Protein chains: 4
Amino acid sequence: MKTLDAPLRVGILGATGAVGQKFVELLDRHPWFTITALAASSRSAGKPYAEAVNWISSSPIPDAVARMEVLEASPGLPCDLVFSGLDAAVAGDLERAFAEAGYAVISNAKNYRMHDQVPLLIPEINPDHTALIDHQPWRSRGGFIVTNPNCATVGLVGALRPIEDAFGIEAIQVTTMQAISGAGYPGVASLDILGNVIPYIGGEEEKLAVEPLKLLGTCVGDHIAPASIRISAQCNRVPVLDGHLECVSLKLRKKASAGEVVAALRGFETPASVQGLPSAPDAFLHVFDEVNYPQSRRHAHLGRGMTISVGRVRPCEVLDVKFVVLSHNTIRGAAGGAVLNAELLVRQGYLQPAGVRVEAAA
Amino acid sequence: MKTLDAPLRVGILGATGAVGQKFVELLDRHPWFTITALAASSRSAGKPYAEAVNWISSSPIPDAVARMEVLEASPGLPCDLVFSGLDAAVAGDLERAFAEAGYAVISNAKNYRMHDQVPLLIPEINPDHTALIDHQPWRSRGGFIVTNPNCATVGLVGALRPIEDAFGIEAIQVTTMQAISGAGYPGVASLDILGNVIPYIGGEEEKLAVEPLKLLGTCVGDHIAPASIRISAQCNRVPVLDGHLECVSLKLRKKASAGEVVAALRGFETPASVQGLPSAPDAFLHVFDEVNYPQSRRHAHLGRGMTISVGRVRPCEVLDVKFVVLSHNTIRGAAGGAVLNAELLVRQGYLQPAGVRVEAAA
Amino acid sequence: MKTLDAPLRVGILGATGAVGQKFVELLDRHPWFTITALAASSRSAGKPYAEAVNWISSSPIPDAVARMEVLEASPGLPCDLVFSGLDAAVAGDLERAFAEAGYAVISNAKNYRMHDQVPLLIPEINPDHTALIDHQPWRSRGGFIVTNPNCATVGLVGALRPIEDAFGIEAIQVTTMQAISGAGYPGVASLDILGNVIPYIGGEEEKLAVEPLKLLGTCVGDHIAPASIRISAQCNRVPVLDGHLECVSLKLRKKASAGEVVAALRGFETPASVQGLPSAPDAFLHVFDEVNYPQSRRHAHLGRGMTISVGRVRPCEVLDVKFVVLSHNTIRGAAGGAVLNAELLVRQGYLQPAGVRVEAAA
Amino acid sequence: MKTLDAPLRVGILGATGAVGQKFVELLDRHPWFTITALAASSRSAGKPYAEAVNWISSSPIPDAVARMEVLEASPGLPCDLVFSGLDAAVAGDLERAFAEAGYAVISNAKNYRMHDQVPLLIPEINPDHTALIDHQPWRSRGGFIVTNPNCATVGLVGALRPIEDAFGIEAIQVTTMQAISGAGYPGVASLDILGNVIPYIGGEEEKLAVEPLKLLGTCVGDHIAPASIRISAQCNRVPVLDGHLECVSLKLRKKASAGEVVAALRGFETPASVQGLPSAPDAFLHVFDEVNYPQSRRHAHLGRGMTISVGRVRPCEVLDVKFVVLSHNTIRGAAGGAVLNAELLVRQGYLQPAGVRVEAAA
């Protein structure tokens with residue numbers, strides 16, 4: 001494992017958007033990363049960040065960042081790596097351009113998640129998938145792309161990993177109740193969601209049907225052999241600020257009681273390569289005993305938004321076992337997950353300051 | 001079929017509670033029923049209704065009712081039948097006492113729903129189950145009990161009936177998102193539900209696992225042979241005023257495409273004995289084509305709260321077909337359903353004014 | 001007074017917007033008006049209405065309208081008058097163009113509200129202000145413009161009228177709590193307003209400071225001599241669907257007790273010219289005795305959204321009297337108010353079908 | 001000034017209620033206070049705290065406290081002082097009993113707030129009012145009572161203090177929009193407040209009319225000569241979790257521009273006796289320049305809930321100046337304010353461990 005002699009200089013693509021703002025928040029005072037570039041569309045370029053952004057968080061804009069000039073999102077940014085909070089509409093071309101220009105691209109966008117040589121990464125789940133990086137076409141020029149999953153995928157897969165390892169999973173039924181912050185800003189109109197449930201989120205059920213298979217798959221040379229699980233998802237938008245709550249039922253390959261499933265969840269150990277990373281929570285998974293926990297508003301922020309909560313593990317009358325899982329969609333499910341990805345890449349030696357030596361850690 | 005020469009005199013048990021209030025609202029200006037008795041606990045007895053009640057509806061208390069004196073809930077009330085909005089804690093003893101005293105009891109409480117000789121009734125679904133009435137122990141004294149299902153059961157079974165008839169159902173996965181009004185008043189504390197989802201409702205999953213089996217069962221002599229379907233329910237409370245939205249997946253006995261399921265739903269015909277009843281909606285089921293419908297706030301009131309909405313019928317990757325169903329929990333799922341039950345009983349000849357002749361209808 | 005031999009053919013400008021949709025809803029089955037033209041931007045023009053619109057109401061699109069082709073909003077529409085739900089950005093030019101082309105323009109936009117010769121009209125408050133019409137520059141070509149006030153002005157002025165008449169008003173302090181539907185669609189982002197209060201609405205305090213003066217002013221020849229009242233407004237957006245609630249304190253010219261103010265409010269008589277108009281509510285004002293009424297969600301719909309509610313009339317320790325007033329912002333405060341304006345204009349003889357005789361009413 | 005050699009042992013009266021729970025949260029790991037007694041009604045007494053309480057916070061119950069046995073709330077508790085989160089119904093008798101038994105009582109209840117010899121205390125506002133303590137009837141036995149104001153009073157008076165000092169205040173108009181957590185638990189029923197505004201909070205307007213006068217008054221011997229200001233309050237409940245937002249207009253004794261008022265607010269200096277107290281925020285007041293700030297959800301937590309926010313300072317057309325003020329109702333406005341009161345009393349030497357010497361601080 002590696003460590004850093006000096007902080008890495010990072011740029012944020014889509015810095016004025018909802019995910020971009022979360023990157024700014026989470027990278028403020030980060031021990032390893034220093035924001036040196038904020039990039040957005042040409043409409044914002046040239047303005048101080050505080051002026052270009054419609055800041056939606058309740059914490060104020062960090063002072064240093066507030067005064068930085070927003071740059072146009074194109075290669076040439078003064079930084080060693082970029083975090084991408086770009087919209088899917090532009091992320092495809094721009095992220096490739098940055099990778100081709102030698103940048104490490106740590107992306108929250110969906111465009112490259114299912115690309116054969118791009119890791120879809122949750123450090124606690126599949127840290128070895130970063131081996132794909134060396135097979136990427138952009139690698140020869142020094143750049144690469146790593147992605148984190150969709151915000152509704154993360155919590156689900158967090159709970160699935162120990163169960164898949166212990167018993168094998170054959171099929172999954174999942175119904176989500178997703179927070180409005182998952183739709184970005186301005187996102188969902190208040191007239192549409194106040195006192196309402198919308199039983200549809202465009203493209204979400206499709207992502208939930210495939211991303212878990214790659215995350216739980218096996219790295220074989222230059223690609224991932226996907227896990228073999230049937231997944232049926234029903235996605236709903238609910239009037240909740242942060243936190244995607246999901247009701248899950250599983251068909252297991254090897255039968256197990258609810259107690260055994262709880263034991264598997266509680267026995268999950270964070271891989272050594274992730275332990276102690278600045279953004280890693282004390283507990284990756286927290287299993288509640290309370291019959292009415294976890295709850296979106298009360299528990300999404302557990303572990304500074306990086307802990308995934310599980311509750312109500314019990315037998316399923318149709319499949320085998322059912323439970324509830326909750327994760328914070330803009331932290332663990334977006335910007336926080338991406339930052340943790342970058343931290344893992346530092347420790348694995350994939351990220352290092354230009355011209356700065358990287359030493360092996362103890 | 002029968003009709004009435006004079007309106008039936010009705011009493012409301014638990015008249016000051018949330019369901020009781022809804023009975024008051026729905027029975028105001030009802031063509032067949034006239035409220036002649038409002039009964040509640042001894043705490044309220046003796047007061048004018050307007051003073052005893054904490055009226056929660058947005059429509060005002062009907063004038064005639066506002067001035068009526070609240071009576072104690074015990075047999076002797078001046079009426080031909082009673083609607084019961086009693087709490088389960090007292091409904092068991094009180095409803096039996098009324099039935100023994102010769103009253104017809106049309107109950108929304110859960111206590112007698114699974115009693116062998118008590119019909120659990122949705123007129124459009126199982127109107128023939130009222131034949132159980134003649135086997136009730138209280139029948140010899142002139143009284144009987146009829147119940148309507150739990151508010152989350154109604155919508156589900158509404159959608160299941162045509163599918164069961166056409167293809168047979170083997171297993172059901174259902175995840176509910178239930179409105180706060182389902183918990184009565186004061187019910188859910190605002191501190192618990194504002195901007196939150198609570199993934200638990202006490203006793204609800206158990207009701208959803210058994211009530212549909214009785215509703216879809218077959219009347220054989222003095223009891224119902226239940227349908228044979230495995231049901232797994234996950235129930236959630238969401239910050240919505242009215243309307244229980246449910247995500248449903250079904251395993252069918254005879255395979256069917258989503259289109260065939262839609263056709264079965266659209267082809268469902270309200271039984272002749274229910275058509276034209278005062279509270280029966282024009283359409284029992286409404287199937288939406290819009291990809292993001294039905295929505296709780298926008299569609300729960302369809303058909304004055306008596307129509308059940310279905311949408312997003314599509315194949316399920318794990319079972320066979322999945323869809324969304326919505327119904328109004330305090331109208332179709334409680335007081336409105338009970339009133340429709342009473343109307344069916346009038347038409348079937350089970351309810352008639354004391355001393356008033358009932359004629360066969362055309 | 002006049003009546004109609006045949007329904008008037010009406011067009012809706014901005015038909016796909018939030019106010020335009022409300023016009024469609026309110027004009028469906030209107031006894032005097034028939035929608036014959038739906039106009040919107042060139043982006044929507046040419047499509048069937050059901051396809052061009054993102055319909056936000058819970059009631060379905062009226063069938064006849066759903067199939068109508070959306071036309072471009074420019075003079076030449078096949079109708080006798082137009083209701084305008086246009087955005088202020090385009091309403092200035094377009095409404096003038098329609099008036100110049102001979103159309104009666106019944107507008108909800110703000111652009112001409114303070115124009116010297118344009119009536120700012122609430123039929124129950126200042127029906128005589130329509131006399132300004134004959135002084136409008138477009139009158140010679142047959143057209144004219146009539147406007148209704150801002151949605152937050154209407155409720156306030158509704159309560160002020162009887163008090164101004166009885167005691168005179170010297171100064172007004174008003175703090176509003178305004179519903180999200182007042183901002184149109186998509187309007188307020190849910191991320192901004194869920195569980196939040198925003199103490200600012202652009203331009204709203206300025207409108208509240210001047211519109212009441214014109215509404216309560218006196219028609220002198222070709223303009224309105226404004227009332228002389230100092231008004232201080234503080235406007236807030238709250239997470240409520242419909243209904244603007246306002247806390248008002250008044251300094252009176254002639255001292256009056258709270259009881260006298262209530263008597264003045266309850267004694268208010270709708271002008272004869274407004275009584276019986278199709279959209280006029282039974283009661284223009286409703287004064288509650290309940291200490292905690294009116295409430296936004298529970299009472300905004302009173303009188304099908306056309307009744308203004310007042311409550312908590314009591315002495316003010318700083319000025320003289322204070323109270324709460326509530327009105328429905330998209331009905332009384334927008335589309336419903338405009339339709340009532342048009343109905344008054346029919347009765348006053350300003351509106352008549354081309355080529356159709358208009359008879360004096362009894 | 002004094003400091004402590006050992007932590008003070010504190011008891012919490014009403015420990016299972018909403019305010020009591022907040023005391024538990026805020027006192028966890030407090031540098032000066034250690035919870036040694038949790039007291040509640042006889043219904044809870046004898047149970048472990050985790051079992052007796054319906055814990056509503058999103059942070060978990062501190063471990064040490066979770067296992068403590070709940071005691072009956074009567075003198076004899078093993079502690080040096082008590083924080084009282086008791087209901088007003090019982091606080092009068094119980095708090096007096098504790099004071100008579102020699103306990104310092106730091107109370108959030110309303111019962112003794114207007115008692116002549118009981119300080120109504122906001123440390124930054126009127127730290128000298130603690131001089132009343134020595135005149136209390138219970139003082140001879142070692143006990144005393146100190147109170148903090150109503151949750152809606154605190155924010156208002158926080159903004160008033162610098163303005164009163166600089167210009168003098170003659171009259172105040174205030175309209176509040178108060179969070180649901182101000183009503184305790186279960187408090188406001190969700191059916192009453194979801195998507196609604198309730199323009200009434202029992203007893204609140206009366207408190208807002210008198211508490212500021214005592215807080216801004218002058219300590220003269222054994223009582224407070226109240227400030228002479230006319231106050232008119234209108235109080236509303238809104239669907240917000242935490243944070244009371246208030247629209248304020250002031251009539252000043254000495255005219256001042258909005259800019260001068262902002263300067264007075266920004267120039268306010270926390271008294272030296274409060275600086276550095278563990279619960280004192282870096283900034284007592286924060287004045288926003290943004291036109292739409294402060295907002296309830298976004299800014300109530302400023303300064304860990306102890307900073308009071310002001311915004312939109314501008315001229316008032318009726319009085320002289322108007323603005324918006326926000327404070328966190330359960331932290332600054334309740335438990336947090338009480339803890340800060342206790343910290344001030346430590347520094348002033350009123351609170352000391354039994355048998356522990358208290359030294360003068362530098």
# chains A, B, ... in the order shown; residues from 1 in each chain; ligands from 1
$ closest_atom_pairs --of "chain A" --to "chain B" --cutoff "7 Å" --atoms "only C-alpha atoms" --output "Markdown table"
| residue | atom | partner | partner_atom | distance |
| --- | --- | --- | --- | --- |
| A:Ala171 | CA | B:Val318 | CA | 6.4 |
| A:Gln173 | CA | B:Val318 | CA | 6.9 |
| A:Thr175 | CA | B:Thr175 | CA | 6.8 |
| A:Gly195 | CA | B:Val240 | CA | 4.4 |
| A:Asn196 | CA | B:Arg297 | CA | 4.9 |
| A:Val197 | CA | B:Ser296 | CA | 5.5 |
| A:Ile198 | CA | B:Gln295 | CA | 5.4 |
| A:Pro199 | CA | B:Asn292 | CA | 5.8 |
| A:Tyr200 | CA | B:Asn292 | CA | 5.0 |
| A:Arg230 | CA | B:Val318 | CA | 6.1 |
| A:Ile231 | CA | B:Glu317 | CA | 6.1 |
| A:Ser232 | CA | B:Glu317 | CA | 5.0 |
| A:Gln234 | CA | B:Cys247 | CA | 6.9 |
| A:Pro239 | CA | B:Gly195 | CA | 5.9 |
| A:Val240 | CA | B:Gly195 | CA | 4.4 |
| A:Leu241 | CA | B:Gly195 | CA | 6.4 |
| A:Cys247 | CA | B:Gln234 | CA | 6.9 |
| A:Asn292 | CA | B:Tyr200 | CA | 5.0 |
| A:Tyr293 | CA | B:Pro199 | CA | 6.8 |
| A:Gln295 | CA | B:Ile198 | CA | 5.4 |
| A:Ser296 | CA | B:Asn196 | CA | 5.4 |
| A:Arg297 | CA | B:Asn196 | CA | 4.9 |
| A:Cys316 | CA | B:Ser232 | CA | 6.0 |
| A:Glu317 | CA | B:Ser232 | CA | 5.0 |
| A:Val318 | CA | B:Ser232 | CA | 5.8 |
$ residues_around --residues "Leu208 of chain D" --least-positions-apart "4" --cutoff "8 Å" --atoms "only C-alpha atoms" --output "MDAnalysis selection string"
chainID D and resid 150 152:153 204 212 231 233
$ residues_around --residues "Gly333 of chain C" --least-positions-apart "6" --cutoff "12 Å" --atoms "only C-alpha atoms" --output "ChimeraX atom specification"
/C:19,22,108-109,121-122,147-158,178-179,181-182,242-244,300-301,305-308,326-327,339-341
$ select_by_dssp --residues "segment 86-294 of chain D" --states "helix (DSSP H, G or I)" --output "MDAnalysis selection string"
chainID D and resid 88:100 127:135 139:141 151:167 180:183 190:193 204:215 258:266
$ residues_around --residues "segment 184-188 of chain D" --least-positions-apart "5" --cutoff "10 Å" --atoms "only C-alpha atoms" --output "ChimeraX atom specification"
/B:186-192 /D:16-19,54-56,87,179,193-194,237,239,330
